[in-house]
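Quick notes on the structure that follows.
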Amino acid sequence: MNRLITDEERAQLLAHGQARAAGRAIDPLPVVRLFTPDAHATWLLAMLDPADGDTAYGLIDLGISMPELGTVKLSDLASIVGPRQQPVMRDRYFQPVRPLSEYLRLAQENGSIVD
């Protein structure tokens with residue numbers, strides 16, 4: 001089990017991923033917000049590929065003013081450390097308030113994820 005997400009978050013991410021894999025058009029709320037405390041990168045993840053259970057889909061903001069939708073492996077995120085040796089962390093207080101498409105629109109307007 002990847003320590004970046006809880007069992008409940010994993011179940012939600014997989015449910016969204018299964019819906020997407022089944023061909024349903026969905027625009028879910030993000031499930032989890034991951035970030036680097038010392039490198040300005042943020043991931044709002046909404047789905048997890050049910051085929052491998054490791055490939056997540058969501059809004060990726062690497063801190064270079066170019067946020068975009070994409071995929072990332074949780075196992076890769078678990079191995080990242082920032083310039084001050086800080087690992088990627090889960091925002092335990094994140095409460096999504098809008099669908100992923102709206103986070104994308106606002107992030108592209110502002111050059112970064114806004115909340």
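Ligands are numbered from 1 in the order shown, residues from 1 within each chain, and chains are lettered A, B, ... in the order they appear in the structure tokens.
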Taking only segment 35-98 of chain A into account, list the residues labelled strand (DSSP E or B) by DSSP (computed from the backbone), as JSON, numbers by chain.
{"A": [35, 42, 43, 44, 45, 46, 47, 48, 55, 56, 57, 58, 59, 60, 61, 68, 69, 70, 71, 72, 73, 81, 87, 89, 90]}
Save the residues we just selected, C-alpha atoms, as a PDB file, in the first residue's frame?
```
ATOM      1  CA  PHE A  35       2.457  18.317  -2.661  1.00  0.00           C
ATOM      2  CA  THR A  42       1.115  19.867  -6.459  1.00  0.00           C
ATOM      3  CA  TRP A  43      -0.986  16.960  -7.705  1.00  0.00           C
ATOM      4  CA  LEU A  44      -4.795  16.900  -7.451  1.00  0.00           C
ATOM      5  CA  LEU A  45      -5.583  13.264  -8.136  1.00  0.00           C
ATOM      6  CA  ALA A  46      -9.033  12.120  -9.184  1.00  0.00           C
ATOM      7  CA  MET A  47      -8.612   8.591 -10.574  1.00  0.00           C
ATOM      8  CA  LEU A  48      -6.453   5.507 -10.283  1.00  0.00           C
ATOM      9  CA  THR A  55      -1.112   5.124 -12.311  1.00  0.00           C
ATOM     10  CA  ALA A  56      -3.088   8.129 -11.095  1.00  0.00           C
ATOM     11  CA  TYR A  57      -4.815  10.757 -13.245  1.00  0.00           C
ATOM     12  CA  GLY A  58      -5.414  14.334 -12.252  1.00  0.00           C
ATOM     13  CA  LEU A  59      -4.228  17.911 -12.353  1.00  0.00           C
ATOM     14  CA  ILE A  60      -0.454  18.242 -12.206  1.00  0.00           C
ATOM     15  CA  ASP A  61       1.241  21.510 -11.262  1.00  0.00           C
ATOM     16  CA  GLU A  68      -2.190  20.362 -16.945  1.00  0.00           C
ATOM     17  CA  LEU A  69      -4.112  17.112 -16.752  1.00  0.00           C
ATOM     18  CA  GLY A  70      -1.986  13.996 -16.878  1.00  0.00           C
ATOM     19  CA  THR A  71      -0.887  10.779 -15.262  1.00  0.00           C
ATOM     20  CA  VAL A  72       1.693   9.996 -12.635  1.00  0.00           C
ATOM     21  CA  LYS A  73       2.670   6.810 -10.849  1.00  0.00           C
ATOM     22  CA  VAL A  81      12.309  14.326  -2.436  1.00  0.00           C
ATOM     23  CA  PRO A  87       9.190  13.899   0.547  1.00  0.00           C
ATOM     24  CA  MET A  89       3.127  14.632   1.296  1.00  0.00           C
ATOM     25  CA  ARG A  90      -0.639  14.231   1.406  1.00  0.00           C
TER      26      ARG A  90
END
```
Within 12 Å of Ala19 of chain A, counting only C-alpha atoms, which residues show up once you throw out same-chain ones fewer than 5 positions away? Write them as an mmCIF file with N, CA and C atoms, in the first residue's frame, please.
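And here's out_19.cif as it stands now:
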```
data_model
loop_
_atom_site.group_PDB
_atom_site.id
_atom_site.type_symbol
_atom_site.label_atom_id
_atom_site.label_comp_id
_atom_site.auth_asym_id
_atom_site.auth_seq_id
_atom_site.Cartn_x
_atom_site.Cartn_y
_atom_site.Cartn_z
ATOM 1 N N GLN A 12 -11.825 5.327 -3.522
ATOM 2 C CA GLN A 12 -12.484 6.369 -4.325
ATOM 3 C C GLN A 12 -11.772 6.561 -5.655
ATOM 4 N N LEU A 13 -10.448 6.633 -5.619
ATOM 5 C CA LEU A 13 -9.666 6.794 -6.847
ATOM 6 C C LEU A 13 -9.902 5.631 -7.804
ATOM 7 N N LEU A 14 -9.929 4.416 -7.285
ATOM 8 C CA LEU A 14 -10.174 3.241 -8.118
ATOM 9 C C LEU A 14 -11.588 3.243 -8.695
ATOM 10 N N ARG A 24 -17.339 5.673 -19.252
ATOM 11 C CA ARG A 24 -18.262 6.707 -18.774
ATOM 12 C C ARG A 24 -17.546 8.051 -18.740
ATOM 13 N N ALA A 25 -18.230 9.071 -19.221
ATOM 14 C CA ALA A 25 -17.679 10.429 -19.170
ATOM 15 C C ALA A 25 -17.936 10.974 -17.770
ATOM 16 N N ILE A 26 -16.868 11.144 -17.000
ATOM 17 C CA ILE A 26 -17.018 11.637 -15.638
ATOM 18 C C ILE A 26 -16.111 12.842 -15.424
ATOM 19 N N ASP A 27 -16.526 13.694 -14.526
ATOM 20 C CA ASP A 27 -15.743 14.864 -14.120
ATOM 21 C C ASP A 27 -15.815 14.926 -12.596
ATOM 22 N N PRO A 28 -15.081 14.027 -11.936
ATOM 23 C CA PRO A 28 -15.216 13.908 -10.479
ATOM 24 C C PRO A 28 -14.518 15.023 -9.725
ATOM 25 N N ALA A 46 -7.612 12.434 -9.142
ATOM 26 C CA ALA A 46 -9.033 12.120 -9.184
ATOM 27 C C ALA A 46 -9.319 10.661 -9.506
ATOM 28 N N MET A 47 -8.371 9.966 -10.131
ATOM 29 C CA MET A 47 -8.612 8.591 -10.574
ATOM 30 C C MET A 47 -7.339 7.766 -10.443
ATOM 31 N N LEU A 48 -7.550 6.460 -10.333
ATOM 32 C CA LEU A 48 -6.453 5.507 -10.283
ATOM 33 C C LEU A 48 -6.773 4.398 -11.271
ATOM 34 N N ASP A 49 -5.811 4.075 -12.120
ATOM 35 C CA ASP A 49 -6.002 3.048 -13.138
ATOM 36 C C ASP A 49 -6.227 1.695 -12.462
ATOM 37 N N PRO A 50 -7.399 1.075 -12.694
ATOM 38 C CA PRO A 50 -7.664 -0.210 -12.051
ATOM 39 C C PRO A 50 -6.774 -1.337 -12.580
#
```
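Nearest to Asp115 of chain A of all the residues A:Arg33, A:Arg84, A:His16, A:Arg10 is A:Arg33, based on only C-alpha atoms.
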For atom CA of Ala15 of chain A and atom CA of Leu100 of chain A, quote the distance in Å rounded to one decimal.
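These two atoms are separated by 15.3 Å.
Minimum distance to Val88 of chain A across A:Leu106, A:Leu74, A:Val31, A:Val114 (counting only C-alpha atoms) occurs at A:Leu74.
Rounded to one decimal, atom CA of Asp52 of chain A and atom CA of Ser75 of chain A lie 11.2 Å from each other.
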Best match for closeness to Gly82 of chain A among A:Tyr103, A:Val97, A:Gln108, A:Pro37, counting only C-alpha atoms:
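Going through A:Tyr103, A:Val97, A:Gln108, A:Pro37 one by one, the smallest distance to Gly82 of chain A is for A:Pro37.
Considering only C-alpha atoms, the residue among A:Ile113, A:Met66, A:Val32, A:Ala41 positioned nearest to Tyr93 of chain A is A:Val32.
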Would you give me, as a PDB file with all heavy atoms, in the first residue's frame, the residues in segment 5-72 of chain A that DSSP reads as helix (DSSP H, G or I)?
```
ATOM      1  N   ASP A   7      -6.568   4.157   2.593  1.00  0.00           N
ATOM      2  CA  ASP A   7      -7.359   3.086   1.976  1.00  0.00           C
ATOM      3  C   ASP A   7      -8.660   3.640   1.394  1.00  0.00           C
ATOM      4  O   ASP A   7      -9.088   3.231   0.310  1.00  0.00           O
ATOM      5  CB  ASP A   7      -7.677   1.992   2.993  1.00  0.00           C
ATOM      6  CG  ASP A   7      -6.448   1.184   3.389  1.00  0.00           C
ATOM      7  OD1 ASP A   7      -5.449   1.200   2.642  1.00  0.00           O
ATOM      8  OD2 ASP A   7      -6.499   0.529   4.447  1.00  0.00           O
ATOM      9  N   GLU A   8      -9.276   4.563   2.101  1.00  0.00           N
ATOM     10  CA  GLU A   8     -10.528   5.169   1.620  1.00  0.00           C
ATOM     11  C   GLU A   8     -10.280   5.974   0.338  1.00  0.00           C
ATOM     12  O   GLU A   8     -11.063   5.882  -0.619  1.00  0.00           O
ATOM     13  CB  GLU A   8     -11.127   6.075   2.699  1.00  0.00           C
ATOM     14  CG  GLU A   8     -12.428   6.718   2.284  1.00  0.00           C
ATOM     15  CD  GLU A   8     -12.999   7.613   3.370  1.00  0.00           C
ATOM     16  OE1 GLU A   8     -13.031   7.190   4.550  1.00  0.00           O
ATOM     17  OE2 GLU A   8     -13.417   8.735   3.037  1.00  0.00           O
ATOM     18  N   GLU A   9      -9.224   6.755   0.312  1.00  0.00           N
ATOM     19  CA  GLU A   9      -8.892   7.526  -0.898  1.00  0.00           C
ATOM     20  C   GLU A   9      -8.584   6.588  -2.060  1.00  0.00           C
ATOM     21  O   GLU A   9      -9.013   6.832  -3.192  1.00  0.00           O
ATOM     22  CB  GLU A   9      -7.707   8.455  -0.624  1.00  0.00           C
ATOM     23  CG  GLU A   9      -8.055   9.592   0.303  1.00  0.00           C
ATOM     24  CD  GLU A   9      -6.847  10.313   0.876  1.00  0.00           C
ATOM     25  OE1 GLU A   9      -5.713   9.756   0.872  1.00  0.00           O
ATOM     26  OE2 GLU A   9      -7.024  11.448   1.345  1.00  0.00           O
ATOM     27  N   ARG A  10      -7.867   5.502  -1.781  1.00  0.00           N
ATOM     28  CA  ARG A  10      -7.548   4.525  -2.819  1.00  0.00           C
ATOM     29  C   ARG A  10      -8.830   3.946  -3.409  1.00  0.00           C
ATOM     30  O   ARG A  10      -8.949   3.810  -4.625  1.00  0.00           O
ATOM     31  CB  ARG A  10      -6.688   3.409  -2.237  1.00  0.00           C
ATOM     32  CG  ARG A  10      -6.243   2.367  -3.249  1.00  0.00           C
ATOM     33  CD  ARG A  10      -5.384   1.338  -2.569  1.00  0.00           C
ATOM     34  NE  ARG A  10      -4.271   0.799  -3.244  1.00  0.00           N
ATOM     35  CZ  ARG A  10      -3.467   1.336  -4.129  1.00  0.00           C
ATOM     36  NH1 ARG A  10      -3.641   2.554  -4.512  1.00  0.00           N
ATOM     37  NH2 ARG A  10      -2.472   0.684  -4.665  1.00  0.00           N
ATOM     38  N   ALA A  11      -9.793   3.613  -2.570  1.00  0.00           N
ATOM     39  CA  ALA A  11     -11.065   3.063  -3.040  1.00  0.00           C
ATOM     40  C   ALA A  11     -11.799   4.066  -3.920  1.00  0.00           C
ATOM     41  O   ALA A  11     -12.348   3.700  -4.972  1.00  0.00           O
ATOM     42  CB  ALA A  11     -11.925   2.643  -1.851  1.00  0.00           C
ATOM     43  N   GLN A  12     -11.825   5.327  -3.522  1.00  0.00           N
ATOM     44  CA  GLN A  12     -12.484   6.369  -4.325  1.00  0.00           C
ATOM     45  C   GLN A  12     -11.772   6.561  -5.655  1.00  0.00           C
ATOM     46  O   GLN A  12     -12.417   6.670  -6.705  1.00  0.00           O
ATOM     47  CB  GLN A  12     -12.506   7.702  -3.568  1.00  0.00           C
ATOM     48  CG  GLN A  12     -13.485   7.760  -2.438  1.00  0.00           C
ATOM     49  CD  GLN A  12     -13.439   9.132  -1.786  1.00  0.00           C
ATOM     50  OE1 GLN A  12     -12.467   9.489  -1.103  1.00  0.00           O
ATOM     51  NE2 GLN A  12     -14.473   9.905  -2.008  1.00  0.00           N
ATOM     52  N   LEU A  13     -10.448   6.633  -5.619  1.00  0.00           N
ATOM     53  CA  LEU A  13      -9.666   6.794  -6.847  1.00  0.00           C
ATOM     54  C   LEU A  13      -9.902   5.631  -7.804  1.00  0.00           C
ATOM     55  O   LEU A  13     -10.072   5.827  -9.013  1.00  0.00           O
ATOM     56  CB  LEU A  13      -8.176   6.912  -6.521  1.00  0.00           C
ATOM     57  CG  LEU A  13      -7.715   8.201  -5.841  1.00  0.00           C
ATOM     58  CD1 LEU A  13      -6.330   8.030  -5.239  1.00  0.00           C
ATOM     59  CD2 LEU A  13      -7.754   9.368  -6.805  1.00  0.00           C
ATOM     60  N   LEU A  14      -9.929   4.416  -7.285  1.00  0.00           N
ATOM     61  CA  LEU A  14     -10.174   3.241  -8.118  1.00  0.00           C
ATOM     62  C   LEU A  14     -11.588   3.243  -8.695  1.00  0.00           C
ATOM     63  O   LEU A  14     -11.789   2.872  -9.856  1.00  0.00           O
ATOM     64  CB  LEU A  14      -9.922   1.960  -7.329  1.00  0.00           C
ATOM     65  CG  LEU A  14      -8.461   1.580  -7.141  1.00  0.00           C
ATOM     66  CD1 LEU A  14      -8.317   0.458  -6.112  1.00  0.00           C
ATOM     67  CD2 LEU A  14      -7.821   1.189  -8.471  1.00  0.00           C
ATOM     68  N   ALA A  15     -12.575   3.660  -7.906  1.00  0.00           N
ATOM     69  CA  ALA A  15     -13.955   3.726  -8.403  1.00  0.00           C
ATOM     70  C   ALA A  15     -14.054   4.701  -9.576  1.00  0.00           C
ATOM     71  O   ALA A  15     -14.683   4.400 -10.595  1.00  0.00           O
ATOM     72  CB  ALA A  15     -14.906   4.135  -7.279  1.00  0.00           C
ATOM     73  N   HIS A  16     -13.414   5.855  -9.453  1.00  0.00           N
ATOM     74  CA  HIS A  16     -13.412   6.818 -10.562  1.00  0.00           C
ATOM     75  C   HIS A  16     -12.666   6.247 -11.762  1.00  0.00           C
ATOM     76  O   HIS A  16     -13.089   6.414 -12.908  1.00  0.00           O
ATOM     77  CB  HIS A  16     -12.765   8.133 -10.131  1.00  0.00           C
ATOM     78  CG  HIS A  16     -13.545   8.889  -9.111  1.00  0.00           C
ATOM     79  ND1 HIS A  16     -12.968   9.877  -8.359  1.00  0.00           N
ATOM     80  CD2 HIS A  16     -14.828   8.812  -8.699  1.00  0.00           C
ATOM     81  CE1 HIS A  16     -13.856  10.381  -7.533  1.00  0.00           C
ATOM     82  NE2 HIS A  16     -15.002   9.755  -7.719  1.00  0.00           N
ATOM     83  N   GLY A  17     -11.553   5.558 -11.514  1.00  0.00           N
ATOM     84  CA  GLY A  17     -10.785   4.950 -12.593  1.00  0.00           C
ATOM     85  C   GLY A  17     -11.559   3.853 -13.301  1.00  0.00           C
ATOM     86  O   GLY A  17     -11.482   3.717 -14.528  1.00  0.00           O
ATOM     87  N   GLN A  18     -12.312   3.074 -12.558  1.00  0.00           N
ATOM     88  CA  GLN A  18     -13.122   2.018 -13.164  1.00  0.00           C
ATOM     89  C   GLN A  18     -14.224   2.616 -14.028  1.00  0.00           C
ATOM     90  O   GLN A  18     -14.514   2.103 -15.111  1.00  0.00           O
ATOM     91  CB  GLN A  18     -13.697   1.107 -12.080  1.00  0.00           C
ATOM     92  CG  GLN A  18     -12.629   0.240 -11.447  1.00  0.00           C
ATOM     93  CD  GLN A  18     -13.073  -0.428 -10.157  1.00  0.00           C
ATOM     94  OE1 GLN A  18     -14.038  -0.004  -9.518  1.00  0.00           O
ATOM     95  NE2 GLN A  18     -12.345  -1.461  -9.753  1.00  0.00           N
ATOM     96  N   ALA A  19     -14.826   3.704 -13.569  1.00  0.00           N
ATOM     97  CA  ALA A  19     -15.857   4.373 -14.367  1.00  0.00           C
ATOM     98  C   ALA A  19     -15.269   4.894 -15.671  1.00  0.00           C
ATOM     99  O   ALA A  19     -15.867   4.750 -16.744  1.00  0.00           O
ATOM    100  CB  ALA A  19     -16.487   5.514 -13.566  1.00  0.00           C
ATOM    101  N   ARG A  20     -14.102   5.482 -15.585  1.00  0.00           N
ATOM    102  CA  ARG A  20     -13.428   5.993 -16.790  1.00  0.00           C
ATOM    103  C   ARG A  20     -13.052   4.852 -17.729  1.00  0.00           C
ATOM    104  O   ARG A  20     -13.226   4.939 -18.945  1.00  0.00           O
ATOM    105  CB  ARG A  20     -12.199   6.797 -16.398  1.00  0.00           C
ATOM    106  CG  ARG A  20     -11.496   7.438 -17.573  1.00  0.00           C
ATOM    107  CD  ARG A  20     -10.332   8.281 -17.101  1.00  0.00           C
ATOM    108  NE  ARG A  20      -9.777   9.050 -18.184  1.00  0.00           N
ATOM    109  CZ  ARG A  20      -8.519   9.417 -18.244  1.00  0.00           C
ATOM    110  NH1 ARG A  20      -7.691   9.125 -17.274  1.00  0.00           N
ATOM    111  NH2 ARG A  20      -8.085  10.123 -19.255  1.00  0.00           N
ATOM    112  N   ALA A  21     -12.522   3.748 -17.167  1.00  0.00           N
ATOM    113  CA  ALA A  21     -12.132   2.594 -17.979  1.00  0.00           C
ATOM    114  C   ALA A  21     -13.343   1.962 -18.669  1.00  0.00           C
ATOM    115  O   ALA A  21     -13.220   1.400 -19.756  1.00  0.00           O
ATOM    116  CB  ALA A  21     -11.417   1.562 -17.115  1.00  0.00           C
TER     117      ALA A  21
END
```
Between A:Pro96, A:Gly111, A:Gly53, A:Gly63, single out the one closest to Pro30 of chain A, counting only C-alpha atoms.
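Comparing A:Pro96, A:Gly111, A:Gly53, A:Gly63 against Pro30 of chain A, the winner is A:Pro96.
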Give the answer as one residue: which of A:Leu29, A:Gly23, A:Ile5, A:Asp76 has the shortest atom-to-atom distance to Ser101 of chain A, using only C-alpha atoms?
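Ranked by minimum distance to Ser101 of chain A, first place goes to A:Leu29.
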